[in-house]
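A.B. asks: upload-v7.pdb (PDB, C-alpha atoms and all ligand atoms) pasted underneath:
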```pdb
ATOM      1  CA  MET A   1       9.790   9.437 -25.600
ATOM      2  CA  ALA A   2      11.865  11.025 -28.373
ATOM      3  CA  GLU A   3      11.126  14.429 -26.847
ATOM      4  CA  LYS A   4      12.468  13.205 -23.522
ATOM      5  CA  SER A   5      15.702  11.979 -25.074
ATOM      6  CA  THR A   6      16.125  15.257 -26.947
ATOM      7  CA  VAL A   7      15.848  17.268 -23.737
ATOM      8  CA  ILE A   8      18.241  14.917 -21.923
ATOM      9  CA  ALA A   9      20.780  15.064 -24.756
ATOM     10  CA  TRP A  10      20.515  18.857 -24.853
ATOM     11  CA  ALA A  11      21.204  19.121 -21.091
ATOM     12  CA  GLU A  12      24.077  16.645 -21.206
ATOM     13  CA  ASP A  13      25.658  18.424 -24.161
ATOM     14  CA  LEU A  14      25.689  21.587 -22.044
ATOM     15  CA  GLY A  15      27.588  19.664 -19.353
ATOM     16  CA  TYR A  16      24.745  19.203 -16.879
ATOM     17  CA  LYS A  17      24.169  16.081 -14.839
ATOM     18  CA  VAL A  18      20.684  14.736 -15.550
ATOM     19  CA  HIS A  19      18.429  13.008 -13.059
ATOM     20  CA  LEU A  20      15.247  11.423 -14.328
ATOM     21  CA  SER A  21      12.147  10.915 -12.210
ATOM     22  CA  SER A  22       9.174   9.287 -13.900
ATOM     23  CA  GLY A  23       5.841   9.635 -12.151
ATOM     24  CA  ASP A  24       2.368   8.544 -13.243
ATOM     25  CA  GLU A  25       1.531  11.860 -14.858
ATOM     26  CA  HIS A  26       4.799  13.688 -15.366
ATOM     27  CA  THR A  27       8.404  13.036 -16.008
ATOM     28  CA  ILE A  28      10.740  15.373 -14.210
ATOM     29  CA  ILE A  29      14.073  15.861 -15.921
ATOM     30  CA  GLY A  30      16.338  17.196 -13.211
ATOM     31  CA  VAL A  31      19.210  19.260 -14.546
ATOM     32  CA  ILE A  32      22.011  19.635 -12.009
ATOM     33  CA  GLY A  33      24.695  22.284 -12.293
ATOM     34  CA  ASP A  34      24.934  26.044 -12.630
ATOM     35  CA  ILE A  35      21.636  26.845 -14.335
ATOM     36  CA  ARG A  36      22.101  30.627 -14.364
ATOM     37  CA  PRO A  37      23.033  30.778 -18.050
ATOM     38  CA  LEU A  38      19.792  29.001 -19.022
ATOM     39  CA  ASN A  39      16.867  30.974 -20.353
ATOM     40  CA  ARG A  40      13.698  29.626 -18.846
ATOM     41  CA  GLU A  41      11.370  30.606 -21.723
ATOM     42  CA  GLN A  42      13.747  29.052 -24.202
ATOM     43  CA  VAL A  43      13.713  25.777 -22.271
ATOM     44  CA  GLU A  44       9.931  25.831 -22.120
ATOM     45  CA  ARG A  45       9.718  26.164 -25.907
ATOM     46  CA  MET A  46      11.403  22.772 -26.374
ATOM     47  CA  PRO A  47       8.906  20.139 -27.592
ATOM     48  CA  GLY A  48       7.410  18.099 -24.744
ATOM     49  CA  VAL A  49       8.429  20.557 -22.015
ATOM     50  CA  GLU A  50       5.505  21.802 -19.950
ATOM     51  CA  ARG A  51       7.396  23.922 -17.455
ATOM     52  CA  ALA A  52      10.900  24.781 -16.368
ATOM     53  CA  VAL A  53      11.128  25.208 -12.616
ATOM     54  CA  PRO A  54      14.334  26.298 -10.903
ATOM     55  CA  VAL A  55      14.935  24.224  -7.755
ATOM     56  CA  LEU A  56      16.267  26.878  -5.435
ATOM     57  CA  LYS A  57      16.932  24.594  -2.498
ATOM     58  CA  PRO A  58      20.593  23.682  -2.109
ATOM     59  CA  PHE A  59      19.729  19.986  -2.042
ATOM     60  CA  LYS A  60      18.430  18.864  -5.423
ATOM     61  CA  VAL A  61      18.144  15.090  -5.835
ATOM     62  CA  ALA A  62      16.972  14.832  -2.202
ATOM     63  CA  SER A  63      14.252  17.402  -2.775
ATOM     64  CA  ARG A  64      10.563  16.665  -3.232
ATOM     65  CA  ASP A  65      10.532  19.305  -5.984
ATOM     66  CA  PHE A  66      12.761  16.925  -7.887
ATOM     67  CA  LYS A  67      10.858  13.769  -7.064
ATOM     68  CA  PRO A  68       7.351  14.283  -5.685
ATOM     69  CA  GLU A  69       6.634  10.607  -4.893
ATOM     70  CA  SER A  70       8.049   9.177  -1.673
ATOM     71  CA  THR A  71      11.018   6.881  -2.181
ATOM     72  CA  THR A  72      10.381   3.238  -1.326
ATOM     73  CA  PHE A  73      12.726   0.269  -1.532
ATOM     74  CA  PRO A  74      12.834  -3.279  -0.225
ATOM     75  CA  ILE A  75      15.128  -4.413   2.569
ATOM     76  CA  GLY A  76      14.863  -8.102   3.347
ATOM     77  CA  GLN A  77      11.207  -9.062   3.248
ATOM     78  CA  HIS A  78       9.983  -5.504   3.864
ATOM     79  CA  MET A  79       9.416  -2.294   1.985
ATOM     80  CA  VAL A  80      10.837   0.890   3.464
ATOM     81  CA  GLY A  81       9.028   4.197   2.959
ATOM     82  CA  GLY A  82       5.626   2.742   2.050
ATOM     83  CA  LYS A  83       2.530   2.167   4.121
ATOM     84  CA  GLU A  84       4.248  -0.213   6.506
ATOM     85  CA  LEU A  85       6.679   0.822   9.192
ATOM     86  CA  PHE A  86      10.218  -0.528   9.174
ATOM     87  CA  ILE A  87      11.390  -1.602  12.623
ATOM     88  CA  MET A  88      15.051  -2.120  13.437
ATOM     89  CA  ALA A  89      16.188  -3.287  16.868
ATOM     90  CA  GLY A  90      19.159  -4.754  18.678
ATOM     91  CA  PRO A  91      21.964  -3.848  21.015
ATOM     92  CA  CYS A  92      24.093  -0.744  20.789
ATOM     93  CA  SER A  93      27.209  -2.932  20.406
ATOM     94  CA  VAL A  94      27.832  -6.503  19.421
ATOM     95  CA  GLU A  95      29.453  -7.813  22.601
ATOM     96  CA  SER A  96      29.652 -11.556  22.047
ATOM     97  CA  ARG A  97      28.303 -14.277  19.806
ATOM     98  CA  SER A  98      25.715 -15.413  22.340
ATOM     99  CA  GLN A  99      24.586 -11.854  23.151
ATOM    100  CA  ILE A 100      23.839 -10.904  19.523
ATOM    101  CA  ILE A 101      22.269 -14.243  18.642
ATOM    102  CA  GLU A 102      20.029 -14.224  21.696
ATOM    103  CA  THR A 103      18.977 -10.634  20.969
ATOM    104  CA  ALA A 104      18.383 -11.379  17.296
ATOM    105  CA  HIS A 105      15.929 -14.162  18.125
ATOM    106  CA  ALA A 106      14.207 -12.002  20.749
ATOM    107  CA  VAL A 107      13.688  -8.961  18.513
ATOM    108  CA  LYS A 108      12.602 -11.141  15.604
ATOM    109  CA  GLU A 109      10.033 -12.803  17.858
ATOM    110  CA  ALA A 110       8.839  -9.348  18.947
ATOM    111  CA  GLY A 111       8.317  -8.270  15.337
ATOM    112  CA  ALA A 112      11.513  -6.464  14.273
ATOM    113  CA  HIS A 113      12.342  -6.360  10.552
ATOM    114  CA  ALA A 114      16.095  -5.799  10.883
ATOM    115  CA  LEU A 115      18.807  -6.380  13.482
ATOM    116  CA  ARG A 116      21.062  -3.557  14.635
ATOM    117  CA  GLY A 117      24.400  -3.956  16.362
ATOM    118  CA  GLY A 118      27.602  -1.925  16.265
ATOM    119  CA  ALA A 119      30.856  -3.707  15.487
ATOM    120  CA  TYR A 120      32.778  -0.437  15.145
ATOM    121  CA  LYS A 121      31.747   2.017  17.845
ATOM    122  CA  PRO A 122      32.257   5.779  17.843
ATOM    123  CA  ARG A 123      32.886   6.347  21.570
ATOM    124  CA  SER A 124      33.395   9.703  23.228
ATOM    125  CA  SER A 125      36.269   8.213  25.236
ATOM    126  CA  PRO A 126      39.173   6.283  23.702
ATOM    127  CA  TYR A 127      39.155   4.135  26.847
ATOM    128  CA  SER A 128      35.579   2.902  26.330
ATOM    129  CA  PHE A 129      34.746  -0.340  24.498
ATOM    130  CA  GLN A 130      35.448   0.285  20.804
ATOM    131  CA  GLY A 131      33.574  -2.707  19.381
ATOM    132  CA  LEU A 132      34.628  -6.182  18.260
ATOM    133  CA  GLY A 133      35.409  -5.110  14.689
ATOM    134  CA  GLU A 134      35.292  -7.844  12.051
ATOM    135  CA  GLU A 135      34.589 -10.486  14.682
ATOM    136  CA  GLY A 136      31.417  -8.533  15.511
ATOM    137  CA  LEU A 137      30.465  -8.489  11.832
ATOM    138  CA  GLN A 138      30.847 -12.269  11.692
ATOM    139  CA  TYR A 139      28.517 -12.713  14.655
ATOM    140  CA  LEU A 140      26.002 -10.401  12.999
ATOM    141  CA  ALA A 141      26.168 -12.503   9.836
ATOM    142  CA  GLU A 142      25.524 -15.618  11.881
ATOM    143  CA  ALA A 143      22.553 -13.955  13.573
ATOM    144  CA  ARG A 144      21.164 -13.120  10.120
ATOM    145  CA  GLU A 145      21.643 -16.705   9.008
ATOM    146  CA  GLN A 146      19.690 -17.981  11.980
ATOM    147  CA  THR A 147      16.853 -15.425  11.947
ATOM    148  CA  GLY A 148      16.687 -14.128   8.378
ATOM    149  CA  LEU A 149      16.840 -10.575   9.721
ATOM    150  CA  PRO A 150      18.823  -8.127   7.586
ATOM    151  CA  ILE A 151      21.697  -6.443   9.417
ATOM    152  CA  ILE A 152      22.326  -2.759  10.034
ATOM    153  CA  THR A 153      25.707  -1.742  11.406
ATOM    154  CA  GLU A 154      27.789   1.406  11.539
ATOM    155  CA  VAL A 155      30.721   2.110   9.264
ATOM    156  CA  MET A 156      33.082   4.821  10.497
ATOM    157  CA  GLU A 157      35.733   5.169   7.810
ATOM    158  CA  PRO A 158      35.904   4.949   4.020
ATOM    159  CA  ALA A 159      38.567   2.231   4.073
ATOM    160  CA  LEU A 160      36.203  -0.099   5.925
ATOM    161  CA  VAL A 161      33.214   0.346   3.589
ATOM    162  CA  PRO A 162      34.047  -2.698   1.389
ATOM    163  CA  LEU A 163      34.486  -4.968   4.425
ATOM    164  CA  VAL A 164      31.313  -3.782   6.169
ATOM    165  CA  CYS A 165      29.404  -4.176   2.873
ATOM    166  CA  GLU A 166      30.379  -7.861   2.780
ATOM    167  CA  TYR A 167      28.415  -8.427   5.980
ATOM    168  CA  ALA A 168      25.828  -5.679   6.313
ATOM    169  CA  ASP A 169      22.534  -5.121   4.503
ATOM    170  CA  ILE A 170      22.320  -1.491   5.628
ATOM    171  CA  LEU A 171      25.203   0.858   6.351
ATOM    172  CA  GLN A 172      24.707   3.192   9.288
ATOM    173  CA  ILE A 173      26.383   6.586   9.257
ATOM    174  CA  GLY A 174      26.570   7.795  12.839
ATOM    175  CA  ALA A 175      25.696  11.255  14.085
ATOM    176  CA  ARG A 176      29.398  12.061  14.579
ATOM    177  CA  ASN A 177      30.112  11.249  10.944
ATOM    178  CA  MET A 178      27.206  12.993   9.249
ATOM    179  CA  GLN A 179      29.587  15.472   7.655
ATOM    180  CA  ASN A 180      32.463  13.081   7.017
ATOM    181  CA  TYR A 181      32.378  13.744   3.304
ATOM    182  CA  ALA A 182      34.922  11.093   2.336
ATOM    183  CA  LEU A 183      32.711   8.542   4.097
ATOM    184  CA  LEU A 184      29.562   9.875   2.416
ATOM    185  CA  HIS A 185      31.223   9.520  -0.994
ATOM    186  CA  ALA A 186      32.316   5.984  -0.140
ATOM    187  CA  VAL A 187      28.871   4.796   0.980
ATOM    188  CA  GLY A 188      27.323   6.574  -2.017
ATOM    189  CA  LYS A 189      29.537   4.560  -4.354
ATOM    190  CA  SER A 190      28.780   1.329  -2.480
ATOM    191  CA  GLN A 191      25.126   1.262  -3.583
ATOM    192  CA  HIS A 192      24.175  -0.334  -0.240
ATOM    193  CA  PRO A 193      21.109   1.058   1.573
ATOM    194  CA  VAL A 194      22.234   3.721   4.042
ATOM    195  CA  LEU A 195      20.803   5.021   7.319
ATOM    196  CA  LEU A 196      22.092   8.575   7.693
ATOM    197  CA  LYS A 197      21.835   9.854  11.234
ATOM    198  CA  ARG A 198      21.433  13.536  11.921
ATOM    199  CA  GLY A 199      24.482  15.174  13.450
ATOM    200  CA  MET A 200      23.862  16.184  17.035
ATOM    201  CA  SER A 201      24.204  19.897  16.213
ATOM    202  CA  SER A 202      23.168  19.802  12.573
ATOM    203  CA  LEU A 203      20.568  21.829  10.782
ATOM    204  CA  ILE A 204      18.015  19.906   8.747
ATOM    205  CA  GLU A 205      19.464  21.572   5.662
ATOM    206  CA  GLU A 206      22.981  20.344   6.467
ATOM    207  CA  TRP A 207      21.605  16.850   7.026
ATOM    208  CA  LEU A 208      19.882  16.894   3.637
ATOM    209  CA  MET A 209      23.068  18.155   1.990
ATOM    210  CA  SER A 210      24.831  15.127   3.458
ATOM    211  CA  ALA A 211      22.124  12.890   1.968
ATOM    212  CA  GLU A 212      22.730  14.690  -1.330
ATOM    213  CA  TYR A 213      26.377  13.519  -1.268
ATOM    214  CA  ILE A 214      25.202   9.896  -1.132
ATOM    215  CA  LEU A 215      22.460  10.420  -3.722
ATOM    216  CA  SER A 216      24.879  12.166  -6.072
ATOM    217  CA  HIS A 217      26.519   8.770  -6.674
ATOM    218  CA  GLY A 218      23.233   7.305  -7.836
ATOM    219  CA  ASN A 219      22.675   5.513  -4.519
ATOM    220  CA  THR A 220      19.014   6.313  -3.957
ATOM    221  CA  ARG A 221      18.415   3.971  -1.013
ATOM    222  CA  VAL A 222      18.940   6.483   1.763
ATOM    223  CA  MET A 223      16.976   6.633   5.025
ATOM    224  CA  LEU A 224      17.330   9.671   7.250
ATOM    225  CA  CYS A 225      17.416   9.128  11.014
ATOM    226  CA  GLU A 226      16.433  11.685  13.640
ATOM    227  CA  ARG A 227      18.308  10.704  16.815
ATOM    228  CA  GLY A 228      17.945  13.839  18.894
ATOM    229  CA  ILE A 229      19.928  17.045  18.940
ATOM    230  CA  ARG A 230      21.920  18.899  21.601
ATOM    231  CA  THR A 231      19.959  21.438  23.572
ATOM    232  CA  PHE A 232      20.327  22.959  27.047
ATOM    233  CA  GLU A 233      18.151  20.190  28.550
ATOM    234  CA  LYS A 234      19.983  17.758  30.802
ATOM    235  CA  TYR A 235      17.384  15.245  31.998
ATOM    236  CA  THR A 236      17.584  13.517  28.643
ATOM    237  CA  ARG A 237      20.718  12.678  26.653
ATOM    238  CA  ASN A 238      19.473  14.679  23.660
ATOM    239  CA  THR A 239      16.248  16.395  22.652
ATOM    240  CA  PHE A 240      14.193  14.506  20.081
ATOM    241  CA  ASP A 241      13.294  16.951  17.318
ATOM    242  CA  LEU A 242       9.764  15.863  16.516
ATOM    243  CA  ASN A 243       9.493  18.856  14.169
ATOM    244  CA  ALA A 244      12.051  17.222  11.942
ATOM    245  CA  ILE A 245       9.643  14.454  10.964
ATOM    246  CA  PRO A 246       6.961  16.510   9.200
ATOM    247  CA  VAL A 247       9.626  18.917   7.944
ATOM    248  CA  ILE A 248      11.614  16.068   6.367
ATOM    249  CA  LYS A 249       8.426  14.580   4.905
ATOM    250  CA  HIS A 250       7.702  17.942   3.309
ATOM    251  CA  LEU A 251      11.200  18.734   2.014
ATOM    252  CA  THR A 252      12.313  15.347   0.772
ATOM    253  CA  HIS A 253      11.007  12.078  -0.661
ATOM    254  CA  LEU A 254      13.424  10.021   1.469
ATOM    255  CA  PRO A 255      12.131   7.846   4.320
ATOM    256  CA  ILE A 256      12.595   9.135   7.875
ATOM    257  CA  ILE A 257      13.400   6.819  10.781
ATOM    258  CA  ALA A 258      13.228   7.764  14.473
ATOM    259  CA  ASP A 259      15.841   6.711  17.026
ATOM    260  CA  PRO A 260      14.176   7.236  20.401
ATOM    261  CA  SER A 261      17.026   5.468  22.239
ATOM    262  CA  HIS A 262      19.822   7.955  21.515
ATOM    263  CA  ALA A 263      17.308  10.804  21.606
ATOM    264  CA  THR A 264      16.330  10.201  25.228
ATOM    265  CA  GLY A 265      19.223   8.212  26.692
ATOM    266  CA  LYS A 266      16.858   6.573  29.203
ATOM    267  CA  TRP A 267      14.826   3.449  28.542
ATOM    268  CA  GLU A 268      11.785   4.802  30.430
ATOM    269  CA  TYR A 269      11.265   7.494  27.798
ATOM    270  CA  VAL A 270      11.944   5.410  24.698
ATOM    271  CA  ALA A 271       8.406   4.082  24.147
ATOM    272  CA  GLY A 272       6.764   7.511  24.457
ATOM    273  CA  VAL A 273       9.070   9.086  21.885
ATOM    274  CA  ALA A 274       8.827   6.066  19.571
ATOM    275  CA  LYS A 275       5.038   6.266  19.540
ATOM    276  CA  GLY A 276       5.054  10.043  19.130
ATOM    277  CA  SER A 277       7.352   9.739  16.130
ATOM    278  CA  ILE A 278       5.034   7.225  14.444
ATOM    279  CA  ALA A 279       2.062   9.529  15.039
ATOM    280  CA  ALA A 280       4.083  12.370  13.477
ATOM    281  CA  GLY A 281       4.689  10.360  10.297
ATOM    282  CA  ALA A 282       7.978   8.516  10.782
ATOM    283  CA  ASP A 283       8.513   5.592   8.401
ATOM    284  CA  GLY A 284      10.079   3.441  11.073
ATOM    285  CA  VAL A 285      12.210   3.261  14.183
ATOM    286  CA  ILE A 286      15.578   1.961  15.307
ATOM    287  CA  VAL A 287      15.535   0.914  18.951
ATOM    288  CA  GLU A 288      18.289  -0.356  21.242
ATOM    289  CA  VAL A 289      17.379  -3.679  22.863
ATOM    290  CA  HIS A 290      19.625  -5.708  25.173
ATOM    291  CA  PRO A 291      18.852  -8.972  26.986
ATOM    292  CA  ASN A 292      20.705  -7.676  30.029
ATOM    293  CA  PRO A 293      20.875  -3.864  29.926
ATOM    294  CA  GLU A 294      22.621  -3.553  33.308
ATOM    295  CA  GLU A 295      25.582  -5.429  31.871
ATOM    296  CA  ALA A 296      25.697  -3.776  28.446
ATOM    297  CA  MET A 297      29.103  -2.522  27.308
ATOM    298  CA  SER A 298      27.516   0.590  25.805
ATOM    299  CA  ASP A 299      24.214   2.439  26.129
ATOM    300  CA  GLY A 300      22.678   0.028  28.655
ATOM    301  CA  ARG A 301      20.824   2.910  30.308
ATOM    302  CA  GLN A 302      18.752   3.499  27.176
ATOM    303  CA  SER A 303      18.294  -0.138  26.137
ATOM    304  CA  LEU A 304      14.943  -1.884  26.380
ATOM    305  CA  LYS A 305      14.645  -5.438  27.613
ATOM    306  CA  PRO A 306      13.141  -7.713  24.933
ATOM    307  CA  GLU A 307       9.750  -7.917  26.737
ATOM    308  CA  LYS A 308       9.463  -4.133  26.820
ATOM    309  CA  PHE A 309      10.370  -3.963  23.147
ATOM    310  CA  ALA A 310       7.728  -6.570  22.291
ATOM    311  CA  GLN A 311       5.112  -4.479  24.100
ATOM    312  CA  LEU A 312       6.284  -1.365  22.251
ATOM    313  CA  VAL A 313       5.821  -3.064  18.871
ATOM    314  CA  ILE A 314       2.201  -3.833  19.781
ATOM    315  CA  GLU A 315       1.611  -0.216  20.783
ATOM    316  CA  MET A 316       3.359   1.177  17.699
ATOM    317  CA  LYS A 317       1.107  -0.957  15.519
ATOM    318  CA  ALA A 318      -1.973   0.625  17.114
ATOM    319  CA  ILE A 319      -0.600   4.139  16.550
ATOM    320  CA  ALA A 320       0.385   3.227  13.003
ATOM    321  CA  GLN A 321      -3.126   2.041  12.201
ATOM    322  CA  ALA A 322      -4.595   5.210  13.669
ATOM    323  CA  VAL A 323      -2.593   7.275  11.144
ATOM    324  CA  GLY A 324      -3.210   5.099   8.085
ATOM    325  CA  ARG A 325      -0.023   3.028   8.372
ATOM    326  CA  ASP A 326       0.565  -0.524   9.570
ATOM    327  CA  VAL A 327       3.121  -2.893  11.060
ATOM    328  CA  ASN A 328       3.578  -6.365   9.640
TER     329      ASN A 328
HETATM  330  C1  LIG B   1      24.451   4.103  17.812
HETATM  331  O1  LIG B   1      23.527   3.910  16.997
HETATM  332  O2  LIG B   1      24.776   3.275  18.681
HETATM  333  C2  LIG B   1      25.121   5.427  17.791
HETATM  334  C3  LIG B   1      26.402   5.558  18.119
HETATM  335  O3  LIG B   1      24.285   6.421  17.455
HETATM  336  P1  LIG B   1      24.578   7.982  17.120
HETATM  337  O4  LIG B   1      25.527   7.986  15.969
HETATM  338  O5  LIG B   1      23.220   8.503  16.777
HETATM  339  O6  LIG B   1      25.143   8.607  18.363
HETATM  340 MN    MN B   2      24.153   3.306  21.030
END
```
Could I get this file's structure written as structure tokens?

C.D. replies:
Amino acid sequence: MAEKSTVIAWAEDLGYKVHLSSGDEHTIIGVIGDIRPLNREQVERMPGVERAVPVLKPFKVASRDFKPESTTFPIGQHMVGGKELFIMAGPCSVESRSQIIETAHAVKEAGAHALRGGAYKPRSSPYSFQGLGEEGLQYLAEAREQTGLPIITEVMEPALVPLVCEYADILQIGARNMQNYALLHAVGKSQHPVLLKRGMSSLIEEWLMSAEYILSHGNTRVMLCERGIRTFEKYTRNTFDLNAIPVIKHLTHLPIIADPSHATGKWEYVAGVAKGSIAAGADGVIVEVHPNPEEAMSDGRQSLKPEKFAQLVIEMKAIAQAVGRDVN
């Protein structure tokens, strides 16, 4: 214990940021900053130090070298990142009080653990529905009151982080904002759990650097979300990067969530990709569900009806059990 504090004090005196990770067998004292002036042998001679290992990856706190055990944290009644999958579902946008409340009850009944719904929508066209704003957040809060489901909703700008935090249990950073650094700083400071979507043309390394921004504020409750990337393929909206799941599991301790809805853009393909992602090791899914997809104000084409979603949960549970996970 005293040895640990001595090493920490030594690193802090030299101006480094220190990140502590205590496992069952080892404690890893992460030293963040320009480590070039450090002499490795000299560090290893300090009492209590077994090894000094330079973390060469550009992301540090996000790296498994830094923290070998997978990160887990509770959201609502469930644990994210552990043995059990975390299932989020709901409409793309909150459209009305009755729409979100009806959907909330339906997805809860089907087995969802959290309710999604956008109140602030990043639309490709300025003429498309932009979301109900704070009114949408109020309806989400009411849906949570009635169902007990925690709420996940997107925040698009730093100035709105405090307001969205008043209502939401999880902040969603959309694909278009993955590298909005001011926003990443703001959600990092908020200490709310964050779902960080992968930018549609982003490298895995860039995505993890974005997670690093959030983690650098001491906000460790970050979930990564693979939602498909741009390729030359046109039959689907995006191409789901299944590779990303085992790669993320290898590179980082953070949970990885699959979004088969935005990945495919068509409801017929959502279940296949959702199940494939669970088999590949995803820690959960976020799925768009709408009681009346034909009339949805956004992303109706990729939204499941509640009955289809309920069937998917049953199938995901079977896949989960086949790979040593479970759904509760
Ligand atoms: C959404 O979740 O509705 C959304 C806009 O997703 P993405 O940021 O992945 O496009
Ligand atoms: Mn959507």

A.B. asks: At a cut-off of 10 Å and counting all atoms listed in the file, what residues surround ligand LIG 1 (chain B)? Please answer as a PDB file with C-alpha atoms, in the coordinates of the input.

C.D. replies:
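Dumped to out15.pdb:
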```
ATOM      1  CA  GLY A  90      19.159  -4.754  18.678  1.00  0.00           C
ATOM      2  CA  PRO A  91      21.964  -3.848  21.015  1.00  0.00           C
ATOM      3  CA  CYS A  92      24.093  -0.744  20.789  1.00  0.00           C
ATOM      4  CA  SER A  93      27.209  -2.932  20.406  1.00  0.00           C
ATOM      5  CA  ARG A 116      21.062  -3.557  14.635  1.00  0.00           C
ATOM      6  CA  GLY A 117      24.400  -3.956  16.362  1.00  0.00           C
ATOM      7  CA  GLY A 118      27.602  -1.925  16.265  1.00  0.00           C
ATOM      8  CA  ALA A 119      30.856  -3.707  15.487  1.00  0.00           C
ATOM      9  CA  TYR A 120      32.778  -0.437  15.145  1.00  0.00           C
ATOM     10  CA  LYS A 121      31.747   2.017  17.845  1.00  0.00           C
ATOM     11  CA  PRO A 122      32.257   5.779  17.843  1.00  0.00           C
ATOM     12  CA  ARG A 123      32.886   6.347  21.570  1.00  0.00           C
ATOM     13  CA  SER A 124      33.395   9.703  23.228  1.00  0.00           C
ATOM     14  CA  ILE A 152      22.326  -2.759  10.034  1.00  0.00           C
ATOM     15  CA  THR A 153      25.707  -1.742  11.406  1.00  0.00           C
ATOM     16  CA  GLU A 154      27.789   1.406  11.539  1.00  0.00           C
ATOM     17  CA  MET A 156      33.082   4.821  10.497  1.00  0.00           C
ATOM     18  CA  GLN A 172      24.707   3.192   9.288  1.00  0.00           C
ATOM     19  CA  ILE A 173      26.383   6.586   9.257  1.00  0.00           C
ATOM     20  CA  GLY A 174      26.570   7.795  12.839  1.00  0.00           C
ATOM     21  CA  ALA A 175      25.696  11.255  14.085  1.00  0.00           C
ATOM     22  CA  ARG A 176      29.398  12.061  14.579  1.00  0.00           C
ATOM     23  CA  ASN A 177      30.112  11.249  10.944  1.00  0.00           C
ATOM     24  CA  MET A 178      27.206  12.993   9.249  1.00  0.00           C
ATOM     25  CA  LEU A 196      22.092   8.575   7.693  1.00  0.00           C
ATOM     26  CA  LYS A 197      21.835   9.854  11.234  1.00  0.00           C
ATOM     27  CA  ARG A 198      21.433  13.536  11.921  1.00  0.00           C
ATOM     28  CA  GLY A 199      24.482  15.174  13.450  1.00  0.00           C
ATOM     29  CA  MET A 200      23.862  16.184  17.035  1.00  0.00           C
ATOM     30  CA  CYS A 225      17.416   9.128  11.014  1.00  0.00           C
ATOM     31  CA  GLU A 226      16.433  11.685  13.640  1.00  0.00           C
ATOM     32  CA  ARG A 227      18.308  10.704  16.815  1.00  0.00           C
ATOM     33  CA  GLY A 228      17.945  13.839  18.894  1.00  0.00           C
ATOM     34  CA  ILE A 229      19.928  17.045  18.940  1.00  0.00           C
ATOM     35  CA  ASN A 238      19.473  14.679  23.660  1.00  0.00           C
ATOM     36  CA  ASP A 259      15.841   6.711  17.026  1.00  0.00           C
ATOM     37  CA  PRO A 260      14.176   7.236  20.401  1.00  0.00           C
ATOM     38  CA  SER A 261      17.026   5.468  22.239  1.00  0.00           C
ATOM     39  CA  HIS A 262      19.822   7.955  21.515  1.00  0.00           C
ATOM     40  CA  ALA A 263      17.308  10.804  21.606  1.00  0.00           C
ATOM     41  CA  ILE A 286      15.578   1.961  15.307  1.00  0.00           C
ATOM     42  CA  VAL A 287      15.535   0.914  18.951  1.00  0.00           C
ATOM     43  CA  GLU A 288      18.289  -0.356  21.242  1.00  0.00           C
ATOM     44  CA  SER A 298      27.516   0.590  25.805  1.00  0.00           C
ATOM     45  CA  ASP A 299      24.214   2.439  26.129  1.00  0.00           C
TER      46      ASP A 299
END
```

A.B. asks: Can you list what the PyMOL selection byres (((chain A and resi 278) around 9) and not hetatm) grabs from this structure, as a list of chain:residue names?

C.D. replies: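 When the PyMOL selection byres (((chain A and resi 278) around 9) and not hetatm) is applied to the shown file, the picked residues are A:Leu85, A:Ala258, A:Val273, A:Ala274, A:Lys275, A:Gly276, A:Ser277, A:Ala279, A:Ala280, A:Gly281, A:Ala282, A:Asp283, A:Gly284, A:Val285, A:Met316, A:Ile319, A:Ala320, A:Val323, A:Arg325.
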
A.B. asks: With C-alpha atoms retained, could you export that selection as a PDB file, in the frame of the given file?

C.D. replies:
```pdb
ATOM      1  CA  LEU A  85       6.679   0.822   9.192  1.00  0.00           C
ATOM      2  CA  ALA A 258      13.228   7.764  14.473  1.00  0.00           C
ATOM      3  CA  VAL A 273       9.070   9.086  21.885  1.00  0.00           C
ATOM      4  CA  ALA A 274       8.827   6.066  19.571  1.00  0.00           C
ATOM      5  CA  LYS A 275       5.038   6.266  19.540  1.00  0.00           C
ATOM      6  CA  GLY A 276       5.054  10.043  19.130  1.00  0.00           C
ATOM      7  CA  SER A 277       7.352   9.739  16.130  1.00  0.00           C
ATOM      8  CA  ALA A 279       2.062   9.529  15.039  1.00  0.00           C
ATOM      9  CA  ALA A 280       4.083  12.370  13.477  1.00  0.00           C
ATOM     10  CA  GLY A 281       4.689  10.360  10.297  1.00  0.00           C
ATOM     11  CA  ALA A 282       7.978   8.516  10.782  1.00  0.00           C
ATOM     12  CA  ASP A 283       8.513   5.592   8.401  1.00  0.00           C
ATOM     13  CA  GLY A 284      10.079   3.441  11.073  1.00  0.00           C
ATOM     14  CA  VAL A 285      12.210   3.261  14.183  1.00  0.00           C
ATOM     15  CA  MET A 316       3.359   1.177  17.699  1.00  0.00           C
ATOM     16  CA  ILE A 319      -0.600   4.139  16.550  1.00  0.00           C
ATOM     17  CA  ALA A 320       0.385   3.227  13.003  1.00  0.00           C
ATOM     18  CA  VAL A 323      -2.593   7.275  11.144  1.00  0.00           C
ATOM     19  CA  ARG A 325      -0.023   3.028   8.372  1.00  0.00           C
TER      20      ARG A 325
END
```

A.B. asks: Can you tell me, as a ChimeraX atom specification, what residues are no more than 12 Å from Ile100 in chain A when counting all atoms listed in the file, ignoring any on the same chain fewer than 2 positions away?

C.D. replies: /A:89-98,102-108,115-119,132,135-144,146-147,151,289-292,296

A.B. asks: Between CA of Gly15 in chain A and CA of Leu56 in chain A, what is the distance, to one decimal in Å?

C.D. replies: 19.3 Å

A.B. asks: For range 173-190 of chain A, I'd like the enclosing box, axis-aligned and padded by 6 Å on every side, reported as AutoDock Vina command-line options with centre and edge lengths in Å to one decimal.

C.D. replies:
```
--center_x 30.3 --center_y 8.4 --center_z 5.1 --size_x 21.2 --size_y 26.1 --size_z 30.9
```
